[in-house]
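Asker: Just passing along the structure, written as structure tokens.
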Number of protein chains: 2
Amino acid sequence: MPDLETLVPLSQQIEILLESGKNQEAVQFFLELQVPDQAEVFNLLNEQAQEKLLVKLDIPATADLFDELEDSETLEAADSIPLDRLADILDEMEPDEAADLLGDLPPELASQALEEMDDPEDVLPLLGFADQTAGGRMTTSFLALRRQTRADKALEFLREVGPDGDVPYYLFVVDREKRLSGVVGLRELVLAEPVEMMENIMNSDVIFVTTETDQEEAARTMARYNLGALPVVNDRRELVGVITGDDLVDVIDEEATEDIYRLSNVSDAELEPESAVWLQIKGRLPWLYLSALTALFAAWIISRFEHIIAQVAVLAVFQSLVAGLGGNAVTQNMAMVVRGLALGKIPANRAWPIIFRQAVIGLLLGIAVGGVVGLGAYFWRGNAALGLVLGLALVGNMVVAGLAGTLIPLGLRALGQDPALASAVLVTTATDSMGFLLFLSLAAAFINYL
Amino acid sequence: MPDLETLVPLSQQIEILLESGKNQEAVQFFLELQVPDQAEVFNLLNEQAQEKLLVKLDIPATADLFDELEDSETLEAADSIPLDRLADILDEMEPDEAADLLGDLPPELASQALEEMDDPEDVLPLLGFADQTAGGRMTTSFLALRRQTRADKALEFLREVGPDGDVPYYLFVVDREKRLSGVVGLRELVLAEPVEMMENIMNSDVIFVTTETDQEEAARTMARYNLGALPVVNDRRELVGVITGDDLVDVIDEEATEDIYRLSNVSDAELEPESAVWLQIKGRLPWLYLSALTALFAAWIISRFEHIIAQVAVLAVFQSLVAGLGGNAVTQNMAMVVRGLALGKIPANRAWPIIFRQAVIGLLLGIAVGGVVGLGAYFWRGNAALGLVLGLALVGNMVVAGLAGTLIPLGLRALGQDPALASAVLVTTATDSMGFLLFLSLAAAFINYL
């Protein structure tokens, strides 16, 4: 596969061709690439080159490119295209991708484009579904066969519609009321006797989701049962769409990014390092303010002990160590629990044993870390009481970390919320505060020996 | 799809049946489930129930179950099975899964099992490949056709080997020297004229990887080009294996877990909240020790300013806030850069513009956060110099965070290392230390006004 590094010189070459007016050569060069590579190269082009290229590409090639680009990139590219051309492109795009683009366009422009389209019927039913549901992900271009269709007739039908190569590997079987009744793989069809009817060769134990199913659950269903295509039904069990394999990895990547970003306090999962500056600030600043607020609470706890610190300034040296190690431990905990929940590995009836286990692990980690660090501080400062206070505070804070890092995400799940919402800022600041409180209270108790 | 919650009562029912000696009923009940659900239920059973069930399941059913279980779970389940039975099960398993299990068994047991197997030829060539390579992921059970084979003969051949339903949707075409020359989809085969030869209907622009290719690159290739199966060749371009769709999501999940865990300083990507206590401690404690070491460095920096803190104890209140907010900002940065790299969105020639952009964003975030927090501190403590010192330190530390959180992962990538190795502990501790240094140096400079 040509990786990103080899595509960079290709994009530069195309830019040079376009700048020197060799548009036809540039287009030819571009179209020789596979469509996924076209999309990468397109993203690497500067804005002028992108616009020039879009003018020169024909409608089907532009539609293929738009199908492949990410939603925000398609929206940006569509910006420079006149309305009637845009409508033609929308007609050629995959219905689910066209619906996504229409949903992202300004409402007035979207309704004008819909009016201009020759063939809006495939797209219209998709516009009503929320982005992150199976309805929002599915395509309406699928092939359905009737229960009584014979294998040879089915193959004949496929040969008729097939010249464009878009015959799917899974065919769905519906009854007279368009209700989903089974699935036939192309291989079962090929291996079947010609006179056999669909209802006899289909697998009627067909796995499906509804239009309202969350996209992550739909993707996990496809992955779990190793399905190349997943049928989507409405509330009358009528087959209304199919989620195809290309969506599977997109959804799983999206959800992993969402979890990583939430754990790291970035609130917009579409942000990338090169996103617009103000978008990045919008996605990060609120969390930093929230973090500052909770840190002020921690600072207030410390300020309650100012008189102790004024007496024994060395406490200021070690308070951050207790808080920091607690923060690290709770981050480890959160990562394991949030990921375990995302991959569906933690059934609700296992919550309490897990919380207990994590508290025990926190205790053991606290003894291991607190022992070593306490001894280290004792040797460094020659003060046994300081070592003891530090060690005990670390033991306590590690137990707190084990409990908070497990209880909070599991609790959020039990409340039907996203467990990753228990984002690092909040949980670590909680552990920080607890760390300061433990360490400084212990120090206050032992103040005469410090 | 039956989710984890609905499978819990099923597993309890099976446990009850097994305890009351109704083994046949338990097995029947278990086998009515789809194999992926069998694996989930099996994991929910207690150890005795698992062992009882394994004794009662026949060889093919056990092999299917083992194919579906995760590697560590298969290893555990295999533990209670006598050698000759284990060899029969290995014969029935998918070659790639059997090779994984053999690789995980104690070497002596593995070689005994290999000797006992009737059919070790499929598995043997797989044993030499590293786990995380395409060679370690591929299966040797695939169908290859010759260039001169006619479409009707190919279909006939499929019907002969097909009754077990294991005909793949993609067929690979090889030349006389077994070198990969093309790919034919089952649909192209079905749509082709009967007399057409493979070399005329195949797509010779076939995408492949080598046995040494990293599994993540292989998975990304499959995802990018939307391939249901990916051929793997050796250094003579001979077709030696195929990576199938079920591996795709496994690899992508694995790699996302690895990134999340590395960012959160958990070094073993197979850890789950219920893993054995000592395994969890082994995967977490080294990082906490490393973190303690770097925190001691930060503490040493603070200790250089002890005399200042003894004069103005309130500094101890705010130093942690500067460090903490810097740590939060750098975590946001790291998440975006590490994820961008994992998804292949950051070409090497964009590194410097991205570093510059992130420094600017750090500056703007610093002004926004430093301004508000500085003002807050001024009003709280009635001390303008304190507010100024705090605000300036925050501005500086946010710029440091923007630079460190971008430079370090990009630098690691440039050195051919895993960017997620720039794990939160190290980078945040660096930002912590920098935060203390900035804040306390500024405070020392303004000491007469504090």
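By convention here, the chains of the structure tokens are called A, B, ... in the order presented, each chain's residues are numbered starting at 1, and ligands are numbered starting at 1 in the order presented.
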Superimpose chain B on chain A so that the squared distances between all in-order C-alpha pairs are minimised, and send the result as a short mmCIF file (atom, residue, chain, number, x, y, z; two decimals) with C-alpha atoms, in the first residue's frame.
Answerer:
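Written out: selection-v2.cif:
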data_model
loop_
_atom_site.label_atom_id
_atom_site.label_comp_id
_atom_site.auth_asym_id
_atom_site.auth_seq_id
_atom_site.Cartn_x
_atom_site.Cartn_y
_atom_site.Cartn_z
CA MET B 1 0.07 -0.02 -0.08
CA PRO B 2 1.42 3.41 -0.92
CA ASP B 3 1.70 5.01 2.50
CA LEU B 4 1.34 8.65 3.33
CA GLU B 5 5.03 9.35 2.76
CA THR B 6 4.98 8.08 -0.82
CA LEU B 7 1.80 10.01 -1.56
CA VAL B 8 3.37 13.35 -0.60
CA PRO B 9 5.59 13.56 -3.73
CA LEU B 10 2.63 12.50 -5.90
CA SER B 11 0.56 15.37 -4.54
CA GLN B 12 3.42 17.79 -5.17
CA GLN B 13 3.71 16.55 -8.75
CA ILE B 14 -0.01 17.14 -9.30
CA GLU B 15 0.28 20.63 -7.83
CA ILE B 16 3.12 21.42 -10.25
CA LEU B 17 1.15 20.09 -13.23
CA LEU B 18 -1.88 22.17 -12.27
CA GLU B 19 0.19 25.31 -11.72
CA SER B 20 1.78 24.98 -15.13
CA GLY B 21 -1.65 24.58 -16.74
CA LYS B 22 -1.26 20.88 -17.60
CA ASN B 23 -4.69 20.17 -16.18
CA GLN B 24 -5.46 17.14 -18.34
CA GLU B 25 -2.22 15.44 -17.31
CA ALA B 26 -2.89 16.22 -13.67
CA VAL B 27 -6.35 14.67 -13.84
CA GLN B 28 -5.09 11.59 -15.65
CA PHE B 29 -2.32 11.14 -13.10
CA PHE B 30 -4.82 11.55 -10.26
CA LEU B 31 -7.33 9.07 -11.69
CA GLU B 32 -4.69 6.37 -12.07
CA LEU B 33 -4.63 6.09 -8.28
CA GLN B 34 -7.06 3.87 -6.37
CA VAL B 35 -9.89 5.94 -4.90
CA PRO B 36 -8.70 5.73 -1.25
CA ASP B 37 -5.31 7.02 -2.39
CA GLN B 38 -6.99 9.77 -4.44
CA ALA B 39 -8.63 10.94 -1.21
CA GLU B 40 -5.29 11.04 0.63
CA VAL B 41 -3.59 12.91 -2.22
CA PHE B 42 -6.51 15.34 -2.48
CA ASN B 43 -6.10 16.19 1.20
CA LEU B 44 -2.41 16.89 0.68
CA LEU B 45 -3.05 19.39 -2.15
CA ASN B 46 -3.16 23.11 -1.45
CA GLU B 47 -6.51 24.85 -1.73
CA GLN B 48 -6.04 26.28 -5.21
CA ALA B 49 -4.95 22.90 -6.56
CA GLN B 50 -7.98 21.24 -4.94
CA GLU B 51 -10.36 23.73 -6.57
CA LYS B 52 -8.73 23.41 -9.99
CA LEU B 53 -8.84 19.65 -9.80
CA LEU B 54 -12.51 19.61 -8.78
CA VAL B 55 -13.41 21.69 -11.83
CA LYS B 56 -11.66 19.23 -14.14
CA LEU B 57 -12.88 15.93 -12.65
CA ASP B 58 -16.06 14.50 -14.17
CA ILE B 59 -19.18 13.92 -12.07
CA PRO B 60 -18.74 10.16 -11.35
CA ALA B 61 -15.08 10.61 -10.36
CA THR B 62 -15.99 13.50 -8.07
CA ALA B 63 -18.76 11.41 -6.50
CA ASP B 64 -16.32 8.54 -5.84
CA LEU B 65 -13.87 10.98 -4.28
CA PHE B 66 -16.58 12.55 -2.09
CA ASP B 67 -17.73 9.09 -0.94
CA GLU B 68 -14.20 8.44 0.27
CA LEU B 69 -13.36 11.77 1.91
CA GLU B 70 -14.29 12.34 5.54
CA ASP B 71 -17.48 14.27 6.13
CA SER B 72 -15.81 17.55 7.07
CA GLU B 73 -13.46 17.31 4.07
CA THR B 74 -16.35 16.67 1.68
CA LEU B 75 -18.18 19.66 3.09
CA GLU B 76 -15.15 21.88 2.52
CA ALA B 77 -14.64 20.59 -1.01
CA ALA B 78 -18.33 21.02 -1.86
CA ASP B 79 -18.10 24.69 -0.91
CA SER B 80 -16.58 25.76 -4.23
CA ILE B 81 -18.96 23.79 -6.46
CA PRO B 82 -21.96 25.44 -8.21
CA LEU B 83 -25.38 24.20 -7.13
CA ASP B 84 -26.42 22.32 -10.29
CA ARG B 85 -23.13 20.46 -10.45
CA LEU B 86 -23.34 19.65 -6.75
CA ALA B 87 -26.82 18.16 -7.28
CA ASP B 88 -25.46 15.92 -10.06
CA ILE B 89 -22.64 14.77 -7.80
CA LEU B 90 -25.09 14.04 -4.97
CA ASP B 91 -27.12 11.92 -7.40
CA GLU B 92 -24.03 9.82 -8.13
CA MET B 93 -22.80 9.46 -4.54
CA GLU B 94 -23.62 6.53 -2.24
CA PRO B 95 -26.97 7.39 -0.64
CA ASP B 96 -25.58 7.28 2.92
CA GLU B 97 -22.67 9.55 2.06
CA ALA B 98 -24.94 11.92 0.13
CA ALA B 99 -27.27 12.11 3.11
CA ASP B 100 -24.33 12.93 5.40
CA LEU B 101 -23.23 15.75 3.09
CA LEU B 102 -26.78 17.13 2.80
CA GLY B 103 -27.04 17.05 6.58
CA ASP B 104 -23.81 19.04 6.91
CA LEU B 105 -24.70 21.71 4.32
CA PRO B 106 -26.45 24.91 5.40
CA PRO B 107 -30.20 23.98 5.50
CA GLU B 108 -31.18 26.34 2.69
CA LEU B 109 -28.47 25.11 0.36
CA ALA B 110 -29.35 21.50 1.22
CA SER B 111 -32.99 21.94 0.28
CA GLN B 112 -32.04 23.70 -2.97
CA ALA B 113 -29.66 20.84 -3.80
CA LEU B 114 -32.37 18.26 -3.03
CA GLU B 115 -34.72 20.07 -5.39
CA GLU B 116 -32.11 20.06 -8.14
CA MET B 117 -31.38 16.34 -7.75
CA ASP B 118 -32.82 13.95 -10.35
CA ASP B 119 -33.04 11.08 -7.94
CA PRO B 120 -33.52 12.15 -4.33
CA GLU B 121 -35.67 9.12 -3.34
CA ASP B 122 -32.70 7.05 -2.11
CA VAL B 123 -31.41 9.87 0.03
CA LEU B 124 -34.60 11.37 1.46
CA PRO B 125 -35.46 8.53 3.89
CA LEU B 126 -31.93 8.72 5.33
CA LEU B 127 -32.08 12.39 6.25
CA GLY B 128 -34.21 11.84 9.35
CA PHE B 129 -31.80 9.60 11.26
CA ALA B 130 -29.33 10.77 13.86
CA ASP B 131 -25.69 10.58 12.75
CA GLN B 132 -24.54 8.05 15.34
CA THR B 133 -27.35 5.53 14.83
CA ALA B 134 -27.62 2.54 12.51
CA GLY B 135 -30.16 4.57 10.50
CA GLY B 136 -27.58 7.31 10.05
CA ARG B 137 -24.92 4.83 8.91
CA MET B 138 -26.92 2.55 6.62
CA THR B 139 -27.22 2.78 2.87
CA THR B 140 -30.49 2.33 1.02
CA SER B 141 -28.80 0.82 -2.03
CA PHE B 142 -29.10 -2.91 -1.38
CA LEU B 143 -30.60 -5.90 -3.15
CA ALA B 144 -33.52 -7.76 -1.60
CA LEU B 145 -34.94 -11.01 -2.94
CA ARG B 146 -38.36 -12.58 -2.33
CA ARG B 147 -38.73 -15.83 -0.39
CA GLN B 148 -40.10 -17.64 -3.43
CA THR B 149 -37.39 -16.57 -5.87
CA ARG B 150 -35.47 -19.54 -7.36
CA ALA B 151 -31.68 -19.68 -7.19
CA ASP B 152 -31.26 -19.59 -11.00
CA LYS B 153 -33.62 -16.61 -11.28
CA ALA B 154 -31.72 -14.85 -8.53
CA LEU B 155 -28.40 -15.36 -10.32
CA GLU B 156 -29.96 -14.16 -13.57
CA PHE B 157 -31.20 -11.06 -11.78
CA LEU B 158 -27.72 -10.44 -10.37
CA ARG B 159 -26.18 -10.75 -13.84
CA GLU B 160 -28.66 -8.14 -15.07
CA VAL B 161 -27.97 -5.56 -12.36
CA GLY B 162 -24.34 -6.61 -11.97
CA PRO B 163 -22.31 -5.10 -14.83
CA ASP B 164 -21.26 -2.17 -12.69
CA GLY B 165 -19.76 -4.67 -10.24
CA ASP B 166 -21.83 -3.51 -7.31
CA VAL B 167 -23.40 -6.86 -6.51
CA PRO B 168 -23.11 -7.42 -2.76
CA TYR B 169 -21.84 -10.65 -1.23
CA TYR B 170 -24.89 -10.89 1.00
CA LEU B 171 -28.44 -10.83 -0.30
CA PHE B 172 -31.35 -10.30 2.01
CA VAL B 173 -34.65 -12.10 1.68
CA VAL B 174 -37.93 -10.38 2.48
CA ASP B 175 -41.57 -11.49 2.60
CA ARG B 176 -44.53 -9.86 0.84
CA GLU B 177 -44.69 -7.14 3.48
CA LYS B 178 -41.00 -6.32 2.92
CA ARG B 179 -40.19 -7.74 6.35
CA LEU B 180 -36.73 -9.23 6.69
CA SER B 181 -36.90 -13.03 6.74
CA GLY B 182 -33.40 -14.25 6.01
CA VAL B 183 -30.00 -13.83 4.43
CA VAL B 184 -28.32 -15.71 1.58
CA GLY B 185 -24.61 -15.46 0.94
CA LEU B 186 -23.52 -15.29 -2.68
CA ARG B 187 -21.65 -18.53 -2.04
CA GLU B 188 -24.76 -20.38 -0.86
CA LEU B 189 -26.50 -19.08 -3.97
CA VAL B 190 -23.71 -20.34 -6.21
CA LEU B 191 -23.61 -23.72 -4.49
CA ALA B 192 -27.41 -24.18 -4.49
CA GLU B 193 -29.46 -26.28 -6.92
CA PRO B 194 -30.92 -23.95 -9.60
CA VAL B 195 -34.56 -24.72 -8.72
CA GLU B 196 -34.15 -24.24 -4.98
CA MET B 197 -36.15 -21.32 -3.56
CA MET B 198 -34.61 -18.62 -1.41
CA GLU B 199 -36.63 -19.61 1.64
CA ASN B 200 -34.99 -23.03 1.52
CA ILE B 201 -31.39 -21.92 1.20
CA MET B 202 -31.51 -18.75 3.26
CA ASN B 203 -30.34 -18.55 6.85
CA SER B 204 -33.45 -17.40 8.70
CA ASP B 205 -31.55 -16.89 11.94
CA VAL B 206 -30.51 -13.54 10.51
CA ILE B 207 -28.84 -10.98 12.74
CA PHE B 208 -30.17 -7.43 12.36
CA VAL B 209 -30.39 -4.09 14.12
CA THR B 210 -33.02 -1.35 14.08
CA THR B 211 -32.61 2.17 12.71
CA GLU B 212 -32.37 3.47 16.29
CA THR B 213 -29.52 1.13 17.33
CA ASP B 214 -26.36 2.98 18.34
CA GLN B 215 -23.71 2.80 15.62
CA GLU B 216 -21.16 1.35 18.07
CA GLU B 217 -23.48 -1.52 18.96
CA ALA B 218 -24.11 -2.12 15.25
CA ALA B 219 -20.37 -2.20 14.55
CA ARG B 220 -19.71 -4.52 17.49
CA THR B 221 -22.44 -6.84 16.22
CA MET B 222 -20.81 -6.98 12.79
CA ALA B 223 -17.40 -7.61 14.32
CA ARG B 224 -18.61 -10.24 16.76
CA TYR B 225 -20.45 -12.34 14.20
CA ASN B 226 -17.98 -11.53 11.43
CA LEU B 227 -20.66 -10.12 9.12
CA GLY B 228 -19.83 -8.43 5.83
CA ALA B 229 -23.14 -6.55 5.84
CA LEU B 230 -25.71 -5.89 8.54
CA PRO B 231 -29.41 -5.43 7.72
CA VAL B 232 -31.30 -2.58 9.37
CA VAL B 233 -35.06 -2.77 9.96
CA ASN B 234 -37.69 -0.25 11.07
CA ASP B 235 -40.20 -0.82 13.85
CA ARG B 236 -42.38 -2.92 11.55
CA ARG B 237 -39.35 -5.16 10.88
CA GLU B 238 -39.31 -3.97 7.26
CA LEU B 239 -35.84 -4.04 5.73
CA VAL B 240 -34.94 -0.37 5.15
CA GLY B 241 -31.17 -0.38 4.82
CA VAL B 242 -27.85 -2.17 5.11
CA ILE B 243 -24.65 -1.22 6.92
CA THR B 244 -21.67 -2.24 4.82
CA GLY B 245 -18.20 -3.37 5.80
CA ASP B 246 -16.53 -0.05 5.04
CA ASP B 247 -18.51 1.57 7.86
CA LEU B 248 -17.37 -1.02 10.39
CA VAL B 249 -13.78 0.15 10.75
CA ASP B 250 -14.83 3.81 10.51
CA VAL B 251 -17.14 3.41 13.49
CA ILE B 252 -14.63 1.43 15.54
CA ASP B 253 -11.90 4.00 14.86
CA GLU B 254 -14.29 6.83 15.67
CA GLU B 255 -15.33 5.29 18.96
CA ALA B 256 -11.73 4.55 19.99
CA THR B 257 -10.77 8.15 19.19
CA GLU B 258 -13.74 9.34 21.22
CA ASP B 259 -12.62 7.29 24.23
CA ILE B 260 -9.00 8.41 23.97
CA TYR B 261 -10.07 12.06 23.61
CA ARG B 262 -12.54 11.91 26.50
CA LEU B 263 -9.95 10.28 28.75
CA SER B 264 -7.62 13.10 27.72
CA ASN B 265 -10.24 15.87 27.98
CA VAL B 266 -10.60 16.80 24.35
CA SER B 267 -14.30 17.17 23.73
CA ASP B 268 -14.46 17.12 19.92
CA ALA B 269 -13.53 13.71 18.49
CA GLU B 270 -13.04 15.19 15.02
CA LEU B 271 -10.14 17.40 16.10
CA GLU B 272 -6.76 16.71 14.53
CA PRO B 273 -3.43 18.45 15.19
CA GLU B 274 -3.96 20.51 12.01
CA SER B 275 -7.59 21.49 12.66
CA ALA B 276 -8.37 25.22 12.68
CA VAL B 277 -6.89 26.97 15.71
CA TRP B 278 -10.22 28.23 17.03
CA LEU B 279 -11.80 24.76 16.75
CA GLN B 280 -8.97 23.31 18.82
CA ILE B 281 -9.33 26.03 21.43
CA LYS B 282 -13.09 25.47 21.52
CA GLY B 283 -12.53 21.73 22.12
CA ARG B 284 -9.91 22.19 24.82
CA LEU B 285 -10.45 25.43 26.73
CA PRO B 286 -13.71 24.49 28.54
CA TRP B 287 -11.98 21.45 30.02
CA LEU B 288 -9.01 23.50 31.11
CA TYR B 289 -11.34 25.99 32.83
CA LEU B 290 -13.16 23.13 34.53
CA SER B 291 -9.81 21.71 35.52
CA ALA B 292 -8.73 25.11 36.90
CA LEU B 293 -11.91 25.24 38.95
CA THR B 294 -11.32 21.83 40.49
CA ALA B 295 -7.64 22.69 40.97
CA LEU B 296 -8.73 25.79 42.84
CA PHE B 297 -10.66 23.48 45.12
CA ALA B 298 -7.46 21.49 45.69
CA ALA B 299 -5.62 24.76 46.27
CA TRP B 300 -8.25 25.73 48.84
CA ILE B 301 -7.57 22.43 50.65
CA ILE B 302 -3.86 23.23 50.70
CA SER B 303 -4.60 26.75 51.93
CA ARG B 304 -6.30 25.24 55.00
CA PHE B 305 -2.84 23.93 55.94
CA GLU B 306 -0.87 27.08 55.15
CA HIS B 307 0.20 27.49 58.79
CA ILE B 308 1.66 23.97 58.79
CA ILE B 309 3.52 24.59 55.53
CA ALA B 310 4.86 27.89 56.87
CA GLN B 311 6.30 25.88 59.80
CA VAL B 312 7.65 23.00 57.70
CA ALA B 313 8.24 24.21 54.15
CA VAL B 314 9.52 20.80 53.06
CA LEU B 315 5.90 19.61 52.98
CA ALA B 316 5.38 21.72 49.88
CA VAL B 317 8.12 19.67 48.26
CA PHE B 318 6.34 16.38 48.76
CA GLN B 319 2.63 17.20 48.55
CA SER B 320 2.76 17.30 44.76
CA LEU B 321 4.43 13.91 44.67
CA VAL B 322 1.55 12.28 46.57
CA ALA B 323 -1.02 13.95 44.34
CA GLY B 324 0.91 13.22 41.15
CA LEU B 325 1.36 9.52 41.86
CA GLY B 326 -2.30 9.20 42.80
CA GLY B 327 -3.17 10.86 39.51
CA ASN B 328 -0.99 8.41 37.61
CA ALA B 329 -2.53 5.41 39.35
CA VAL B 330 -6.08 6.58 38.70
CA THR B 331 -5.26 7.14 35.03
CA GLN B 332 -4.09 3.53 34.75
CA ASN B 333 -7.28 2.35 36.39
CA MET B 334 -9.57 4.45 34.23
CA ALA B 335 -7.90 3.30 31.03
CA MET B 336 -8.44 -0.36 31.89
CA VAL B 337 -12.05 0.06 33.00
CA VAL B 338 -13.11 2.38 30.16
CA ARG B 339 -11.52 0.11 27.57
CA GLY B 340 -12.99 -3.02 29.16
CA LEU B 341 -16.43 -1.44 29.00
CA ALA B 342 -15.97 -0.29 25.39
CA LEU B 343 -15.00 -3.81 24.29
CA GLY B 344 -17.95 -5.29 26.18
CA LYS B 345 -15.84 -7.27 28.63
CA ILE B 346 -17.40 -6.15 31.92
CA PRO B 347 -20.88 -7.55 32.64
CA ALA B 348 -22.86 -5.58 35.23
CA ASN B 349 -22.86 -8.44 37.72
CA ARG B 350 -19.04 -8.35 37.89
CA ALA B 351 -18.89 -4.70 38.97
CA TRP B 352 -18.48 -5.26 42.71
CA PRO B 353 -15.82 -7.99 42.47
CA ILE B 354 -13.89 -5.70 40.12
CA ILE B 355 -14.16 -2.71 42.46
CA PHE B 356 -12.94 -4.90 45.34
CA ARG B 357 -10.07 -6.26 43.26
CA GLN B 358 -8.97 -2.79 42.17
CA ALA B 359 -9.03 -1.56 45.79
CA VAL B 360 -6.78 -4.49 46.79
CA ILE B 361 -4.45 -3.75 43.89
CA GLY B 362 -4.41 -0.09 44.95
CA LEU B 363 -3.45 -1.14 48.47
CA LEU B 364 -0.62 -3.37 47.23
CA LEU B 365 0.65 -0.70 44.82
CA GLY B 366 0.43 1.82 47.66
CA ILE B 367 2.53 -0.36 49.95
CA ALA B 368 5.11 -0.95 47.19
CA VAL B 369 5.32 2.70 46.15
CA GLY B 370 4.78 4.23 49.60
CA GLY B 371 7.45 1.99 51.15
CA VAL B 372 10.12 2.89 48.63
CA VAL B 373 9.30 6.61 48.36
CA GLY B 374 8.88 6.95 52.15
CA LEU B 375 12.28 5.35 52.69
CA GLY B 376 13.78 7.57 50.01
CA ALA B 377 12.42 10.71 51.66
CA TYR B 378 13.70 9.51 55.04
CA PHE B 379 17.22 9.08 53.71
CA TRP B 380 17.14 12.34 51.73
CA ARG B 381 15.89 14.56 54.54
CA GLY B 382 17.01 12.44 57.52
CA ASN B 383 13.52 12.67 58.96
CA ALA B 384 11.74 9.39 59.84
CA ALA B 385 8.38 11.01 60.57
CA LEU B 386 8.40 12.67 57.14
CA GLY B 387 9.05 9.31 55.50
CA LEU B 388 6.23 7.72 57.50
CA VAL B 389 3.74 10.49 56.69
CA LEU B 390 4.65 10.35 53.01
CA GLY B 391 4.44 6.56 52.86
CA LEU B 392 1.08 6.39 54.62
CA ALA B 393 -0.37 9.17 52.46
CA LEU B 394 0.73 7.28 49.34
CA VAL B 395 -0.88 4.03 50.55
CA GLY B 396 -4.11 5.86 51.27
CA ASN B 397 -4.11 7.75 48.00
CA MET B 398 -3.48 4.63 45.91
CA VAL B 399 -6.51 2.95 47.50
CA VAL B 400 -8.54 6.09 46.74
CA ALA B 401 -7.24 5.96 43.16
CA GLY B 402 -8.22 2.29 42.78
CA LEU B 403 -11.72 3.01 44.06
CA ALA B 404 -12.31 6.28 42.18
CA GLY B 405 -10.87 5.01 38.90
CA THR B 406 -13.19 2.00 38.98
CA LEU B 407 -16.31 3.22 40.76
CA ILE B 408 -16.74 6.39 38.71
CA PRO B 409 -16.70 4.87 35.20
CA LEU B 410 -18.74 1.84 36.32
CA GLY B 411 -21.19 4.14 38.09
CA LEU B 412 -21.57 6.29 34.98
CA ARG B 413 -22.27 3.17 32.93
CA ALA B 414 -24.91 2.05 35.46
CA LEU B 415 -26.55 5.47 35.04
CA GLY B 416 -26.60 4.99 31.28
CA GLN B 417 -23.88 7.58 30.68
CA ASP B 418 -20.64 7.26 28.71
CA PRO B 419 -18.04 5.84 31.14
CA ALA B 420 -15.30 7.86 29.46
CA LEU B 421 -17.07 11.01 30.64
CA ALA B 422 -15.31 10.32 33.93
CA SER B 423 -12.55 12.13 32.17
CA ALA B 424 -9.05 12.30 33.53
CA VAL B 425 -9.42 15.94 34.64
CA LEU B 426 -12.22 15.27 37.09
CA VAL B 427 -11.03 11.97 38.46
CA THR B 428 -7.40 12.98 38.77
CA THR B 429 -8.29 16.28 40.37
CA ALA B 430 -10.38 14.31 42.88
CA THR B 431 -7.37 12.10 43.59
CA ASP B 432 -5.16 15.18 43.80
CA SER B 433 -7.39 16.80 46.39
CA MET B 434 -7.61 13.57 48.37
CA GLY B 435 -3.83 13.25 48.19
CA PHE B 436 -3.24 16.74 49.55
CA LEU B 437 -5.81 16.22 52.28
CA LEU B 438 -4.32 12.89 53.37
CA PHE B 439 -0.73 14.08 53.29
CA LEU B 440 -1.28 17.42 54.98
CA SER B 441 -3.66 16.02 57.64
CA LEU B 442 -1.13 13.35 58.52
CA ALA B 443 1.57 16.00 58.58
CA ALA B 444 -0.56 18.14 60.91
CA ALA B 445 -0.98 15.15 63.22
CA PHE B 446 2.77 14.47 63.32
CA ILE B 447 3.76 18.14 63.23
CA ASN B 448 5.83 17.89 66.41
CA TYR B 449 8.09 15.24 64.88
CA LEU B 450 8.61 16.87 61.49
#
Asker: Write out as a ChimeraX atom specification all residues of region 108-315 of chain A that DSSP puts in helix (DSSP H, G or I) for this structure's backbone.
Answerer: /A:108-116,124-126,134-137,151-164,186-191,198-201,215-224,245-263,277-303,306-311,314-315
Asker: Identify, with DSSP run on backbone atoms, the residues in region 132-318 of chain B assigned to strand (DSSP E or B), and express the list as a PyMOL selection string.
Answerer: chain B and resi 133+139+144-146+150+170-174+179-185+197+203+209-210+214+229-233+238-244
